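*Asks:* Following this message is one structure expressed as structure tokens.
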Amino acid sequence: MDRDLQVDTDQLGRLSRALGTSLTSLGEARRALERARADELGTRDLDEACDGFQSRWRHGAEQLGARVGTVRDGVKLSHEGYVQVNKAIESAFKAVDADA
């Protein structure tokens, strides 16, 4: 069975940027919750729920952010590598055509 490897570098680049945006959004949401004052959120139950969420999920959100950052960095490196390989292949074909 003959299958060709095909990588859509545009999609890979978009994924890298989307992961970066997600990472930024996660950080902004976490910081906004940290700055929220109990008297600004609403009912006492909502205030307590937000405080509980923040104390329970702070570490998890930080770890999630770190992992998303690692994945984003890996995807970005893969994207850059595939773009370089595609350029090298194109240059090699142009050189063969020029020699022919």
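Chain lettering (A, B, ...) mirrors the order of the structure tokens, residue numbering begins at 1 for each chain separately, and ligand numbering begins at 1 in order of display.
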Pick out the residues sitting within 9 Å of range 70-73 of chain A, and hand them over as number ranges by chain; count only C-alpha atoms, and ignore anything fewer than 2 positions along from it in its own chain.
*Replies:* A: 15-20, 23, 65-68, 75-78
*Asks:* Just N, CA, C and O atoms for this one: save the residues we selected as a short mmCIF file (atom, residue, chain, number, x, y, z; two decimals), in the first residue's frame.
*Replies:*
```cif
data_model
loop_
_atom_site.label_atom_id
_atom_site.label_comp_id
_atom_site.auth_asym_id
_atom_site.auth_seq_id
_atom_site.Cartn_x
_atom_site.Cartn_y
_atom_site.Cartn_z
N LEU A 15 -2.96 26.17 13.55
CA LEU A 15 -3.07 25.45 14.82
C LEU A 15 -2.11 26.04 15.85
O LEU A 15 -2.48 26.25 17.01
N SER A 16 -0.90 26.33 15.43
CA SER A 16 0.08 26.94 16.33
C SER A 16 -0.42 28.28 16.86
O SER A 16 -0.35 28.56 18.06
N ARG A 17 -0.97 29.10 15.97
CA ARG A 17 -1.50 30.41 16.40
C ARG A 17 -2.72 30.25 17.29
O ARG A 17 -2.88 30.98 18.28
N ALA A 18 -3.59 29.29 16.99
CA ALA A 18 -4.78 29.06 17.81
C ALA A 18 -4.40 28.60 19.22
O ALA A 18 -5.01 29.02 20.20
N LEU A 19 -3.39 27.75 19.31
CA LEU A 19 -2.92 27.32 20.63
C LEU A 19 -2.36 28.50 21.41
O LEU A 19 -2.58 28.62 22.61
N GLY A 20 -1.64 29.38 20.73
CA GLY A 20 -1.12 30.58 21.39
C GLY A 20 -2.25 31.47 21.89
O GLY A 20 -2.20 32.00 23.01
N LEU A 23 -3.82 29.89 24.93
CA LEU A 23 -2.95 30.09 26.08
C LEU A 23 -3.10 31.49 26.66
O LEU A 23 -3.21 31.68 27.87
N GLY A 65 -1.89 25.50 31.28
CA GLY A 65 -1.24 26.55 30.49
C GLY A 65 0.16 26.14 30.06
O GLY A 65 0.56 26.34 28.91
N ALA A 66 0.91 25.55 30.98
CA ALA A 66 2.27 25.12 30.66
C ALA A 66 2.26 24.03 29.58
O ALA A 66 3.06 24.06 28.64
N ARG A 67 1.32 23.09 29.69
CA ARG A 67 1.25 22.00 28.70
C ARG A 67 0.80 22.51 27.34
O ARG A 67 1.32 22.08 26.31
N VAL A 68 -0.18 23.41 27.33
CA VAL A 68 -0.61 24.00 26.05
C VAL A 68 0.55 24.75 25.42
O VAL A 68 0.77 24.67 24.20
N VAL A 75 4.27 22.29 17.93
CA VAL A 75 3.58 22.48 16.65
C VAL A 75 4.26 23.56 15.83
O VAL A 75 4.45 23.40 14.62
N LYS A 76 4.68 24.62 16.50
CA LYS A 76 5.37 25.71 15.79
C LYS A 76 6.68 25.21 15.19
O LYS A 76 6.99 25.51 14.03
N LEU A 77 7.44 24.43 15.94
CA LEU A 77 8.70 23.87 15.42
C LEU A 77 8.43 22.93 14.24
O LEU A 77 9.16 22.95 13.24
N SER A 78 7.38 22.11 14.36
CA SER A 78 7.03 21.21 13.25
C SER A 78 6.67 22.00 12.01
O SER A 78 7.11 21.68 10.91
#
```
*Asks:* Record the distance separating CA of Arg58 in chain A and CA of Thr24 in chain A, expressed in Å with one decimal.
*Replies:*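 Going from CA of Arg58 in chain A over to CA of Thr24 in chain A covers 15.5 Å.
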*Asks:* For range 81-86 of chain A, work out the shell of residues within 9 Å, counting only C-alpha atoms and skipping chain neighbours fewer than 5 positions away, then give it as a PyMOL selection string.
*Replies:* chain A and resi 7+9+76+91
*Asks:* Using only C-alpha atoms, which of A:Thr43, A:Arg30, A:Asp97, A:Gly69 sits nearest Ser55 in chain A?
*Replies:*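 Once distances to Ser55 in chain A are computed over only C-alpha atoms, the minimum belongs to A:Arg30.
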